[in-house]
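Peer 1: File model_17.pdb follows (PDB, C-alpha atoms):
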```pdb
ATOM      1  CA  ASP A   1     -30.510  21.113 -11.173  1.00  0.00           C
ATOM      2  CA  VAL A   2     -27.446  22.626  -9.494  1.00  0.00           C
ATOM      3  CA  VAL A   3     -26.988  22.094  -5.747  1.00  0.00           C
ATOM      4  CA  THR A   4     -24.620  24.017  -3.493  1.00  0.00           C
ATOM      5  CA  VAL A   5     -22.689  21.783  -1.089  1.00  0.00           C
ATOM      6  CA  VAL A   6     -20.369  22.432   1.878  1.00  0.00           C
ATOM      7  CA  ASP A   7     -17.734  19.937   3.076  1.00  0.00           C
ATOM      8  CA  THR A   8     -16.394  19.415   6.600  1.00  0.00           C
ATOM      9  CA  ASP A   9     -13.740  22.120   6.041  1.00  0.00           C
ATOM     10  CA  ASN A  10     -16.417  24.650   5.041  1.00  0.00           C
ATOM     11  CA  ASN A  11     -15.357  24.595   1.393  1.00  0.00           C
ATOM     12  CA  VAL A  12     -18.285  25.499  -0.835  1.00  0.00           C
ATOM     13  CA  GLY A  13     -18.908  23.952  -4.244  1.00  0.00           C
ATOM     14  CA  THR A  14     -21.672  23.079  -6.654  1.00  0.00           C
ATOM     15  CA  VAL A  15     -22.893  19.741  -7.935  1.00  0.00           C
ATOM     16  CA  LYS A  16     -24.923  19.416 -11.113  1.00  0.00           C
ATOM     17  CA  ILE A  17     -27.647  16.789 -10.942  1.00  0.00           C
ATOM     18  CA  LYS A  18     -29.151  15.346 -14.093  1.00  0.00           C
ATOM     19  CA  VAL A  19     -32.232  13.152 -13.929  1.00  0.00           C
ATOM     20  CA  ILE A  20     -32.601  10.607 -16.725  1.00  0.00           C
ATOM     21  CA  ARG A  21     -35.309   8.132 -17.594  1.00  0.00           C
ATOM     22  CA  ALA A  22     -35.136   4.787 -15.798  1.00  0.00           C
ATOM     23  CA  GLY A  23     -33.517   2.062 -17.850  1.00  0.00           C
ATOM     24  CA  THR A  24     -31.462   4.386 -20.056  1.00  0.00           C
ATOM     25  CA  PHE A  25     -28.413   4.679 -17.761  1.00  0.00           C
ATOM     26  CA  ALA A  26     -25.432   2.388 -18.446  1.00  0.00           C
ATOM     27  CA  PRO A  27     -22.762   2.615 -15.685  1.00  0.00           C
ATOM     28  CA  GLU A  28     -20.093   1.031 -17.893  1.00  0.00           C
ATOM     29  CA  ASN A  29     -20.457   3.846 -20.450  1.00  0.00           C
ATOM     30  CA  ALA A  30     -20.452   6.712 -17.951  1.00  0.00           C
ATOM     31  CA  ASN A  31     -17.494   8.982 -17.147  1.00  0.00           C
ATOM     32  CA  TRP A  32     -16.771   8.760 -13.431  1.00  0.00           C
ATOM     33  CA  LYS A  33     -14.660  10.956 -11.192  1.00  0.00           C
ATOM     34  CA  VAL A  34     -13.572   9.785  -7.754  1.00  0.00           C
ATOM     35  CA  PHE A  35     -13.913  12.226  -4.861  1.00  0.00           C
ATOM     36  CA  ALA A  36     -11.863  10.929  -1.933  1.00  0.00           C
ATOM     37  CA  ASN A  37     -10.906  12.531   1.359  1.00  0.00           C
ATOM     38  CA  ARG A  38      -7.102  12.861   1.404  1.00  0.00           C
ATOM     39  CA  ARG A  39      -6.949  14.890   4.609  1.00  0.00           C
ATOM     40  CA  THR A  40      -5.451  12.029   6.658  1.00  0.00           C
ATOM     41  CA  VAL A  41      -1.792  11.279   5.818  1.00  0.00           C
ATOM     42  CA  ALA A  42      -0.764   7.660   6.478  1.00  0.00           C
ATOM     43  CA  GLY A  43       2.776   7.637   5.062  1.00  0.00           C
ATOM     44  CA  LEU A  44       5.517   9.692   3.376  1.00  0.00           C
ATOM     45  CA  LEU A  45       8.416   8.851   1.079  1.00  0.00           C
ATOM     46  CA  LEU A  46      11.018  11.182  -0.434  1.00  0.00           C
ATOM     47  CA  SER A  47      12.469  10.063  -3.777  1.00  0.00           C
ATOM     48  CA  ASP A  48      16.198   9.329  -3.970  1.00  0.00           C
ATOM     49  CA  ASP A  49      16.769  12.427  -6.106  1.00  0.00           C
ATOM     50  CA  LYS A  50      14.962  14.526  -3.453  1.00  0.00           C
ATOM     51  CA  GLU A  51      12.638  15.931  -6.125  1.00  0.00           C
ATOM     52  CA  THR A  52       9.410  14.056  -5.425  1.00  0.00           C
ATOM     53  CA  LEU A  53       7.487  13.656  -2.199  1.00  0.00           C
ATOM     54  CA  TRP A  54       5.069  10.726  -2.236  1.00  0.00           C
ATOM     55  CA  VAL A  55       2.192  11.116   0.213  1.00  0.00           C
ATOM     56  CA  ALA A  56       0.057   8.133   1.212  1.00  0.00           C
ATOM     57  CA  THR A  57      -3.422   9.167   2.302  1.00  0.00           C
ATOM     58  CA  THR A  58      -6.733   7.528   3.117  1.00  0.00           C
ATOM     59  CA  GLY A  59      -8.019   8.831  -0.206  1.00  0.00           C
ATOM     60  CA  GLY A  60      -5.221   7.927  -2.621  1.00  0.00           C
ATOM     61  CA  LEU A  61      -1.551   8.529  -3.385  1.00  0.00           C
ATOM     62  CA  GLU A  62      -0.294  12.080  -3.928  1.00  0.00           C
ATOM     63  CA  GLN A  63       2.765  12.976  -6.000  1.00  0.00           C
ATOM     64  CA  ARG A  64       4.126  16.347  -4.835  1.00  0.00           C
ATOM     65  CA  GLU A  65       7.074  18.530  -5.738  1.00  0.00           C
ATOM     66  CA  ALA A  66       9.384  18.143  -2.755  1.00  0.00           C
ATOM     67  CA  SER A  67      10.804  21.670  -2.741  1.00  0.00           C
ATOM     68  CA  THR A  68       7.411  23.395  -2.783  1.00  0.00           C
ATOM     69  CA  THR A  69       4.950  20.597  -1.829  1.00  0.00           C
ATOM     70  CA  ARG A  70       2.971  21.551  -4.963  1.00  0.00           C
ATOM     71  CA  LEU A  71       0.531  18.799  -5.859  1.00  0.00           C
ATOM     72  CA  LEU A  72       1.436  17.214  -9.211  1.00  0.00           C
ATOM     73  CA  ARG A  73      -0.841  14.201  -9.455  1.00  0.00           C
ATOM     74  CA  VAL A  74      -3.207  11.995  -7.477  1.00  0.00           C
ATOM     75  CA  TYR A  75      -3.480   8.232  -7.959  1.00  0.00           C
ATOM     76  CA  THR A  76      -6.694   6.459  -6.969  1.00  0.00           C
ATOM     77  CA  THR A  77      -8.530   3.332  -8.023  1.00  0.00           C
ATOM     78  CA  GLN A  78      -9.199   5.059 -11.341  1.00  0.00           C
ATOM     79  CA  GLN A  79      -5.469   4.927 -12.096  1.00  0.00           C
ATOM     80  CA  GLY A  80      -5.163   1.277 -11.055  1.00  0.00           C
ATOM     81  CA  LEU A  81      -4.773   1.237  -7.279  1.00  0.00           C
ATOM     82  CA  PRO A  82      -6.618  -1.691  -5.699  1.00  0.00           C
ATOM     83  CA  HIS A  83      -7.924   0.610  -2.935  1.00  0.00           C
ATOM     84  CA  ASN A  84      -7.823   4.327  -2.146  1.00  0.00           C
ATOM     85  CA  PHE A  85      -6.609   3.808   1.436  1.00  0.00           C
ATOM     86  CA  VAL A  86      -2.816   3.918   0.960  1.00  0.00           C
ATOM     87  CA  GLN A  87      -0.394   3.330   3.817  1.00  0.00           C
ATOM     88  CA  PRO A  88       3.138   1.888   3.380  1.00  0.00           C
ATOM     89  CA  LEU A  89       5.380   3.062   0.526  1.00  0.00           C
ATOM     90  CA  LEU A  90       8.664   1.515  -0.608  1.00  0.00           C
ATOM     91  CA  ALA A  91      10.956   2.628  -3.432  1.00  0.00           C
ATOM     92  CA  ASP A  92      12.654  -0.051  -5.506  1.00  0.00           C
ATOM     93  CA  LYS A  93      16.096   0.119  -7.108  1.00  0.00           C
ATOM     94  CA  LYS A  94      14.650   0.651 -10.589  1.00  0.00           C
ATOM     95  CA  GLY A  95      12.948   3.938  -9.774  1.00  0.00           C
ATOM     96  CA  GLY A  96       9.568   2.337  -9.143  1.00  0.00           C
ATOM     97  CA  LEU A  97       7.324   2.537  -6.123  1.00  0.00           C
ATOM     98  CA  TRP A  98       5.620  -0.248  -4.156  1.00  0.00           C
ATOM     99  CA  ILE A  99       2.302   0.871  -2.720  1.00  0.00           C
ATOM    100  CA  GLY A 100       0.494  -0.948   0.074  1.00  0.00           C
ATOM    101  CA  THR A 101      -3.242  -0.358   0.294  1.00  0.00           C
ATOM    102  CA  GLN A 102      -6.191  -1.580   2.304  1.00  0.00           C
ATOM    103  CA  GLY A 103      -7.175  -3.766  -0.649  1.00  0.00           C
ATOM    104  CA  GLY A 104      -3.879  -5.133  -1.951  1.00  0.00           C
ATOM    105  CA  LEU A 105      -0.493  -4.197  -3.385  1.00  0.00           C
ATOM    106  CA  ALA A 106       0.382  -2.026  -6.387  1.00  0.00           C
ATOM    107  CA  HIS A 107       3.657  -1.278  -8.177  1.00  0.00           C
ATOM    108  CA  LEU A 108       4.102   2.068  -9.856  1.00  0.00           C
ATOM    109  CA  LEU A 109       6.676   1.946 -12.659  1.00  0.00           C
ATOM    110  CA  TRP A 110       8.721   5.078 -13.215  1.00  0.00           C
ATOM    111  CA  PRO A 111      11.615   4.590 -15.646  1.00  0.00           C
ATOM    112  CA  ASP A 112      13.461   7.694 -16.780  1.00  0.00           C
ATOM    113  CA  GLY A 113      11.474   9.843 -14.386  1.00  0.00           C
ATOM    114  CA  LYS A 114       8.153   9.255 -16.137  1.00  0.00           C
ATOM    115  CA  ILE A 115       5.134   7.262 -15.117  1.00  0.00           C
ATOM    116  CA  GLU A 116       4.694   4.323 -17.512  1.00  0.00           C
ATOM    117  CA  GLY A 117       1.950   2.388 -15.850  1.00  0.00           C
ATOM    118  CA  THR A 118       0.629   0.632 -12.780  1.00  0.00           C
ATOM    119  CA  GLU A 119       0.921  -3.082 -12.081  1.00  0.00           C
ATOM    120  CA  THR A 120      -1.724  -4.190  -9.617  1.00  0.00           C
ATOM    121  CA  PHE A 121      -1.796  -7.478  -7.747  1.00  0.00           C
ATOM    122  CA  LYS A 122      -5.439  -8.487  -7.389  1.00  0.00           C
ATOM    123  CA  SER A 123      -7.183 -11.787  -8.145  1.00  0.00           C
ATOM    124  CA  ASP A 124      -5.250 -15.058  -8.054  1.00  0.00           C
ATOM    125  CA  SER A 125      -2.579 -13.428  -5.923  1.00  0.00           C
ATOM    126  CA  ASN A 126      -1.428 -13.566  -2.321  1.00  0.00           C
ATOM    127  CA  TRP A 127      -2.116  -9.838  -2.147  1.00  0.00           C
ATOM    128  CA  ALA A 128      -5.751  -9.954  -3.244  1.00  0.00           C
ATOM    129  CA  GLN A 129      -7.984  -7.936  -0.912  1.00  0.00           C
ATOM    130  CA  LYS A 130      -5.310  -7.862   1.796  1.00  0.00           C
ATOM    131  CA  PHE A 131      -4.732  -4.818   4.016  1.00  0.00           C
ATOM    132  CA  ILE A 132      -0.984  -4.289   3.486  1.00  0.00           C
ATOM    133  CA  ASN A 133       0.309  -2.441   6.548  1.00  0.00           C
ATOM    134  CA  SER A 134       4.106  -2.506   6.090  1.00  0.00           C
ATOM    135  CA  LEU A 135       6.728  -3.138   3.406  1.00  0.00           C
ATOM    136  CA  SER A 136      10.454  -3.853   3.526  1.00  0.00           C
ATOM    137  CA  GLU A 137      13.249  -4.765   1.102  1.00  0.00           C
ATOM    138  CA  ASP A 138      14.645  -8.296   1.312  1.00  0.00           C
ATOM    139  CA  GLY A 139      18.175  -7.309   0.272  1.00  0.00           C
ATOM    140  CA  SER A 140      17.932  -9.191  -3.046  1.00  0.00           C
ATOM    141  CA  ASP A 141      15.592  -6.938  -5.062  1.00  0.00           C
ATOM    142  CA  GLY A 142      12.504  -8.544  -3.545  1.00  0.00           C
ATOM    143  CA  ILE A 143      10.159  -7.339  -0.834  1.00  0.00           C
ATOM    144  CA  TRP A 144       8.614  -8.488   2.426  1.00  0.00           C
ATOM    145  CA  ALA A 145       5.102  -7.368   3.276  1.00  0.00           C
ATOM    146  CA  THR A 146       2.866  -7.803   6.288  1.00  0.00           C
ATOM    147  CA  ALA A 147      -0.872  -8.084   5.809  1.00  0.00           C
ATOM    148  CA  ARG A 148      -3.409  -7.442   8.528  1.00  0.00           C
ATOM    149  CA  ASP A 149      -5.184 -10.596   9.710  1.00  0.00           C
ATOM    150  CA  PHE A 150      -3.274 -12.759   7.209  1.00  0.00           C
ATOM    151  CA  GLY A 151       0.431 -13.054   7.925  1.00  0.00           C
ATOM    152  CA  LEU A 152       3.587 -12.405   5.941  1.00  0.00           C
ATOM    153  CA  VAL A 153       4.329 -12.450   2.198  1.00  0.00           C
ATOM    154  CA  HIS A 154       7.756 -12.632   0.544  1.00  0.00           C
ATOM    155  CA  ARG A 155       7.874 -11.568  -3.098  1.00  0.00           C
ATOM    156  CA  HIS A 156      11.182 -12.556  -4.693  1.00  0.00           C
ATOM    157  CA  ALA A 157      12.883 -10.570  -7.449  1.00  0.00           C
ATOM    158  CA  ASP A 158      11.726 -13.124 -10.053  1.00  0.00           C
ATOM    159  CA  GLY A 159       8.088 -12.586  -9.079  1.00  0.00           C
ATOM    160  CA  THR A 160       7.589 -15.827  -7.166  1.00  0.00           C
ATOM    161  CA  GLU A 161       5.946 -15.526  -3.781  1.00  0.00           C
ATOM    162  CA  GLU A 162       5.953 -17.291  -0.422  1.00  0.00           C
ATOM    163  CA  THR A 163       3.338 -16.857   2.275  1.00  0.00           C
ATOM    164  CA  PHE A 164       3.779 -17.420   5.997  1.00  0.00           C
ATOM    165  CA  THR A 165       0.806 -17.831   8.320  1.00  0.00           C
ATOM    166  CA  PRO A 166       0.375 -19.428  11.764  1.00  0.00           C
ATOM    167  CA  SER A 167      -0.969 -22.585  10.109  1.00  0.00           C
ATOM    168  CA  ASP A 168       2.097 -23.196   7.926  1.00  0.00           C
ATOM    169  CA  SER A 169       4.979 -21.527   9.767  1.00  0.00           C
ATOM    170  CA  GLY A 170       6.212 -20.445  13.174  1.00  0.00           C
ATOM    171  CA  LEU A 171       4.324 -17.135  13.121  1.00  0.00           C
ATOM    172  CA  PRO A 172       2.347 -16.815  16.363  1.00  0.00           C
ATOM    173  CA  ASP A 173      -0.419 -14.605  14.929  1.00  0.00           C
ATOM    174  CA  THR A 174      -2.069 -13.499  11.682  1.00  0.00           C
ATOM    175  CA  TRP A 175      -1.617  -9.802  12.531  1.00  0.00           C
ATOM    176  CA  THR A 176       1.951  -8.908  11.535  1.00  0.00           C
ATOM    177  CA  TYR A 177       3.877  -5.649  11.436  1.00  0.00           C
ATOM    178  CA  SER A 178       7.207  -4.037  10.486  1.00  0.00           C
ATOM    179  CA  PRO A 179       9.453  -6.720   8.916  1.00  0.00           C
ATOM    180  CA  VAL A 180      13.156  -5.970   9.480  1.00  0.00           C
ATOM    181  CA  LEU A 181      16.186  -7.897   8.159  1.00  0.00           C
ATOM    182  CA  ASP A 182      18.512  -9.194  10.878  1.00  0.00           C
ATOM    183  CA  GLY A 183      21.679  -8.828   8.768  1.00  0.00           C
ATOM    184  CA  LYS A 184      22.291 -12.585   8.808  1.00  0.00           C
ATOM    185  CA  GLY A 185      19.739 -13.701   6.236  1.00  0.00           C
ATOM    186  CA  GLY A 186      16.878 -13.823   8.707  1.00  0.00           C
ATOM    187  CA  LEU A 187      13.904 -11.600   9.451  1.00  0.00           C
ATOM    188  CA  TRP A 188      12.292  -9.995  12.486  1.00  0.00           C
ATOM    189  CA  VAL A 189       8.562  -9.327  12.403  1.00  0.00           C
ATOM    190  CA  GLY A 190       6.196  -7.932  15.004  1.00  0.00           C
ATOM    191  CA  THR A 191       2.884  -9.574  15.877  1.00  0.00           C
ATOM    192  CA  ARG A 192       0.133  -9.137  18.465  1.00  0.00           C
ATOM    193  CA  GLU A 193       1.415 -12.280  20.193  1.00  0.00           C
ATOM    194  CA  GLY A 194       5.058 -11.330  20.465  1.00  0.00           C
ATOM    195  CA  LEU A 195       8.171 -10.780  18.372  1.00  0.00           C
ATOM    196  CA  ALA A 196       8.902 -13.424  15.733  1.00  0.00           C
ATOM    197  CA  HIS A 197      12.334 -14.180  14.279  1.00  0.00           C
ATOM    198  CA  ARG A 198      12.776 -16.285  11.166  1.00  0.00           C
ATOM    199  CA  LEU A 199      16.309 -17.639  10.992  1.00  0.00           C
ATOM    200  CA  ALA A 200      18.202 -17.784   7.709  1.00  0.00           C
ATOM    201  CA  ASP A 201      17.893 -21.569   7.513  1.00  0.00           C
ATOM    202  CA  GLY A 202      14.126 -21.520   8.073  1.00  0.00           C
ATOM    203  CA  PRO A 203      13.251 -22.162  11.752  1.00  0.00           C
ATOM    204  CA  TRP A 204      11.276 -19.600  13.753  1.00  0.00           C
ATOM    205  CA  GLN A 205      11.778 -18.194  17.229  1.00  0.00           C
ATOM    206  CA  VAL A 206       9.046 -16.365  19.120  1.00  0.00           C
ATOM    207  CA  PHE A 207       9.729 -13.988  22.000  1.00  0.00           C
ATOM    208  CA  ASP A 208       6.812 -13.102  24.266  1.00  0.00           C
ATOM    209  CA  THR A 209       6.089 -12.331  27.924  1.00  0.00           C
ATOM    210  CA  SER A 210       6.768 -15.939  28.922  1.00  0.00           C
ATOM    211  CA  ASN A 211      10.333 -16.233  27.645  1.00  0.00           C
ATOM    212  CA  SER A 212      11.652 -12.675  27.364  1.00  0.00           C
ATOM    213  CA  LYS A 213      11.451  -9.239  28.918  1.00  0.00           C
ATOM    214  CA  LEU A 214       8.756  -8.094  26.501  1.00  0.00           C
ATOM    215  CA  PRO A 215       6.026  -6.277  28.431  1.00  0.00           C
TER     216      PRO A 215
END
```
Translate the structure described by the file into structure tokens.
Peer 2:
Amino acid sequence: DVVTVVDTDNNVGTVKIKVIRAGTFAPENANWKVFANRRTVAGLLLSDDKETLWVATTGGLEQREASTTRLLRVYTTQQGLPHNFVQPLLADKKGGLWIGTQGGLAHLLWPDGKIEGTETFKSDSNWAQKFINSLSEDGSDGIWATARDFGLVHRHADGTEETFTPSDSGLPDTWTYSPVLDGKGGLWVGTREGLAHRLADGPWQVFDTSNSKLP
């Protein structure tokens, strides 16, 4: 059967429905296509050469031609993203792209202007199933990332990782946001319980309503 459908924007399309005998369907052998709502934009990043506009949406990552905004490609879980809800984007110095999602972190490799593949950090990783809400460079080819209801993760250039949570560091809360380098080897990070500052030699300072002019 063919069914006519209308979406929330009044776009009209058709869906073909095929009924098969119970027990004969094998999901692992089927060809699937993901239909995701990309109407909500959660982040933007312009490539260094000003040719590509990366658009983070709640339904995947869009690659657009910057001069015309023409859609070139869409990346979803089918292409290796851990989740279709994409938010923070960060370009690396090798032409690649770090992608924070609601279900973990992905790294899109792009040498010589071409997509080679996607490296996804899932099981057995500090990023597994974490809602990554912000990304920042560490100044040494690594990255800092904040994860909702988890804490802070530092991925070094060699691939090793450190995690910082209230139970093992001076972070005052598991909800962290917007890591920013202080220019002296330290890091500022926002939390729901105040502003945290990690000094270059390791100790933490926390500024809140009790000891600062924070509202």
Peer 1: Using all atoms listed in the file, find the one residue out of A:Arg155, A:Arg70, A:Lys184, A:Arg192 that sits nearest to Phe207 in chain A.
Peer 2: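 Checking each candidate against Phe207 in chain A, we get A:Arg192 as the closest.
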Peer 1: Please measure the separation of CA of Lys130 in chain A and CA of Arg148 in chain A, giving the value in Å to one decimal.
Peer 2: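 One can read the CA of Lys130 in chain A to CA of Arg148 in chain A distance as 7.0 Å.
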Peer 1: Between CA of Leu108 in chain A and CA of Gly96 in chain A, what is the distance, to one decimal in Å?
Peer 2: 5.5 Å
Peer 1: Can you sort out the box for range 79-86 of chain A, edges along x, y and z, all listed atoms in, 4 Å on every side, with centre and edge lengths in Å to one decimal, as lines of an AutoDock Vina configuration file?
Peer 2:
```
center_x = -5.4
center_y = 1.6
center_z = -5.3
size_x = 13.1
size_y = 14.6
size_z = 21.5
```
Peer 1: Which residues come within 6 Å of Gly190 in chain A, counting all atoms listed in the file, excluding same-chain residues fewer than 2 positions away, as a PyMOL selection string?
Peer 2: chain A and resi 176-177+195
Peer 1: Where does the PyMOL selection byres ((chain A and resi 53) around 8) land in this file, that is, which residues does it pick, as a PyMOL selection string?
Peer 2: chain A and resi 44-47+50-52+54-55+63-66+69
Peer 1: Keeping only C-alpha atoms, take the residues you just selected and write them out as a compact mmCIF listing (two decimals), in the frame of the given file.
Peer 2:
```
# COMPACT_ATOMS: atom_id res chain seq x y z
CA LEU A 44 5.52 9.69 3.38
CA LEU A 45 8.42 8.85 1.08
CA LEU A 46 11.02 11.18 -0.43
CA SER A 47 12.47 10.06 -3.78
CA LYS A 50 14.96 14.53 -3.45
CA GLU A 51 12.64 15.93 -6.12
CA THR A 52 9.41 14.06 -5.42
CA TRP A 54 5.07 10.73 -2.24
CA VAL A 55 2.19 11.12 0.21
CA GLN A 63 2.76 12.98 -6.00
CA ARG A 64 4.13 16.35 -4.84
CA GLU A 65 7.07 18.53 -5.74
CA ALA A 66 9.38 18.14 -2.76
CA THR A 69 4.95 20.60 -1.83
```
Peer 1: With a distance cut-off of 10 Å and all atoms listed in the file, select the neighbouring residues of Gly139 in chain A, excluding the residue or stretch itself and same-chain residues fewer than 4 positions from it, and output the selection as a PyMOL selection string.
Peer 2: chain A and resi 143-144+157+181+183+185
Peer 1: I'd like to see the residues matched by the PyMOL selection byres ((chain A and resi 136) around 8) on this file, and ideally I'd get them as a list in words.
Peer 2: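 Applying the expression gives Leu90, Ser134, Leu135, Glu137, Asp138, Ile143, Trp144, Ala145, Ser178, Pro179 and Val180 of chain A.
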Peer 1: Considering only C-alpha atoms, can you say which of A:Phe131, A:Trp188, A:Trp204, A:Trp98 comes closest to Trp175 in chain A?
Peer 2: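 The closest residue to Trp175 in chain A is A:Phe131.
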Peer 1: Could you tell me which residues the PyMOL selection byres ((chain A and resi 205) around 12) returns for this structure, as a list in words?
Peer 2: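 For this structure, the PyMOL selection byres ((chain A and resi 205) around 12) captures Ser169, Gly170, Leu171, Pro172, Gly186, Leu187, Trp188, Val189, Gly190, Gly194, Leu195, Ala196, His197, Arg198, Leu199, Ala200, Asp201, Gly202, Pro203, Trp204, Val206, Phe207, Asp208, Asn211 and Ser212 of chain A.
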Peer 1: Work out how far CA of Asn126 in chain A is from CA of Ser167 in chain A, in Å to one decimal.
Peer 2: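 Between these atoms lies a distance of 15.4 Å.
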Peer 1: Can you tell me, as number ranges by chain, what residues are no more than 8 Å from Pro88 in chain A when counting all atoms listed in the file, ignoring any on the same chain fewer than 2 positions away?
Peer 2: A: 42-43, 56, 86, 90, 99-101, 132-135
Peer 1: Return the single residue from A:Asn37, A:Gln87, A:Gly80, A:Asp92 that is closest to Ala106 in chain A, with distances computed using all atoms listed in the file.
Peer 2: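 Residue with the minimum atom-to-atom distance to Ala106 in chain A: A:Gly80.
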Peer 1: Excluding His156 in chain A and any residue of its chain fewer than 6 positions from it, enumerate the residues within 8 Å of it, using only C-alpha atoms, and give them as a tab-separated table (two decimals) with C-alpha atoms, keeping the file's coordinate frame.
Peer 2:
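Result file is around-v9.tsv:
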```tsv
chain	number	residue	atom	x	y	z
A	140	SER	CA	17.93	-9.19	-3.05
A	141	ASP	CA	15.59	-6.94	-5.06
A	142	GLY	CA	12.50	-8.54	-3.54
A	143	ILE	CA	10.16	-7.34	-0.83
```
Peer 1: Rebuild range 93-99 of chain A to all heavy atoms - output it as an mmCIF file, in the frame of the given file, please.
Peer 2:
```cif
data_model
loop_
_atom_site.group_PDB
_atom_site.id
_atom_site.type_symbol
_atom_site.label_atom_id
_atom_site.label_comp_id
_atom_site.auth_asym_id
_atom_site.auth_seq_id
_atom_site.Cartn_x
_atom_site.Cartn_y
_atom_site.Cartn_z
ATOM 1 N N LYS A 93 14.826 -0.343 -6.561
ATOM 2 C CA LYS A 93 16.096 0.119 -7.108
ATOM 3 C C LYS A 93 16.017 0.476 -8.585
ATOM 4 O O LYS A 93 17.009 0.885 -9.180
ATOM 5 C CB LYS A 93 17.171 -0.951 -6.880
ATOM 6 C CG LYS A 93 17.468 -1.181 -5.403
ATOM 7 C CD LYS A 93 18.543 -2.240 -5.206
ATOM 8 C CE LYS A 93 18.834 -2.444 -3.736
ATOM 9 N NZ LYS A 93 19.871 -3.493 -3.504
ATOM 10 N N LYS A 94 14.838 0.324 -9.183
ATOM 11 C CA LYS A 94 14.650 0.651 -10.589
ATOM 12 C C LYS A 94 13.868 1.946 -10.778
ATOM 13 O O LYS A 94 13.439 2.254 -11.883
ATOM 14 C CB LYS A 94 13.927 -0.500 -11.288
ATOM 15 C CG LYS A 94 14.710 -1.808 -11.261
ATOM 16 C CD LYS A 94 13.941 -2.927 -11.941
ATOM 17 C CE LYS A 94 14.710 -4.238 -11.889
ATOM 18 N NZ LYS A 94 13.959 -5.355 -12.525
ATOM 19 N N GLY A 95 13.678 2.682 -9.696
ATOM 20 C CA GLY A 95 12.948 3.938 -9.774
ATOM 21 C C GLY A 95 11.456 3.797 -9.592
ATOM 22 O O GLY A 95 10.718 4.775 -9.706
ATOM 23 N N GLY A 96 10.991 2.574 -9.328
ATOM 24 C CA GLY A 96 9.568 2.337 -9.143
ATOM 25 C C GLY A 96 9.153 2.517 -7.703
ATOM 26 O O GLY A 96 9.968 2.804 -6.818
ATOM 27 N N LEU A 97 7.872 2.321 -7.457
ATOM 28 C CA LEU A 97 7.324 2.537 -6.123
ATOM 29 C C LEU A 97 6.339 1.426 -5.796
ATOM 30 O O LEU A 97 5.379 1.186 -6.535
ATOM 31 C CB LEU A 97 6.612 3.892 -6.072
ATOM 32 C CG LEU A 97 6.043 4.321 -4.718
ATOM 33 C CD1 LEU A 97 7.180 4.638 -3.743
ATOM 34 C CD2 LEU A 97 5.140 5.536 -4.891
ATOM 35 N N TRP A 98 6.575 0.717 -4.677
ATOM 36 C CA TRP A 98 5.620 -0.248 -4.156
ATOM 37 C C TRP A 98 4.637 0.481 -3.253
ATOM 38 O O TRP A 98 5.039 1.295 -2.418
ATOM 39 C CB TRP A 98 6.337 -1.350 -3.383
ATOM 40 C CG TRP A 98 7.176 -2.247 -4.242
ATOM 41 C CD1 TRP A 98 8.530 -2.188 -4.420
ATOM 42 C CD2 TRP A 98 6.717 -3.341 -5.038
ATOM 43 N NE1 TRP A 98 8.943 -3.162 -5.286
ATOM 44 C CE2 TRP A 98 7.854 -3.889 -5.686
ATOM 45 C CE3 TRP A 98 5.470 -3.910 -5.290
ATOM 46 C CZ2 TRP A 98 7.771 -4.972 -6.542
ATOM 47 C CZ3 TRP A 98 5.385 -4.998 -6.140
ATOM 48 C CH2 TRP A 98 6.528 -5.522 -6.756
ATOM 49 N N ILE A 99 3.357 0.151 -3.422
ATOM 50 C CA ILE A 99 2.302 0.871 -2.720
ATOM 51 C C ILE A 99 1.409 -0.138 -2.015
ATOM 52 O O ILE A 99 0.739 -0.955 -2.654
ATOM 53 C CB ILE A 99 1.449 1.698 -3.704
ATOM 54 C CG1 ILE A 99 2.346 2.617 -4.545
ATOM 55 C CG2 ILE A 99 0.386 2.499 -2.973
ATOM 56 C CD1 ILE A 99 1.659 3.119 -5.808
#
```
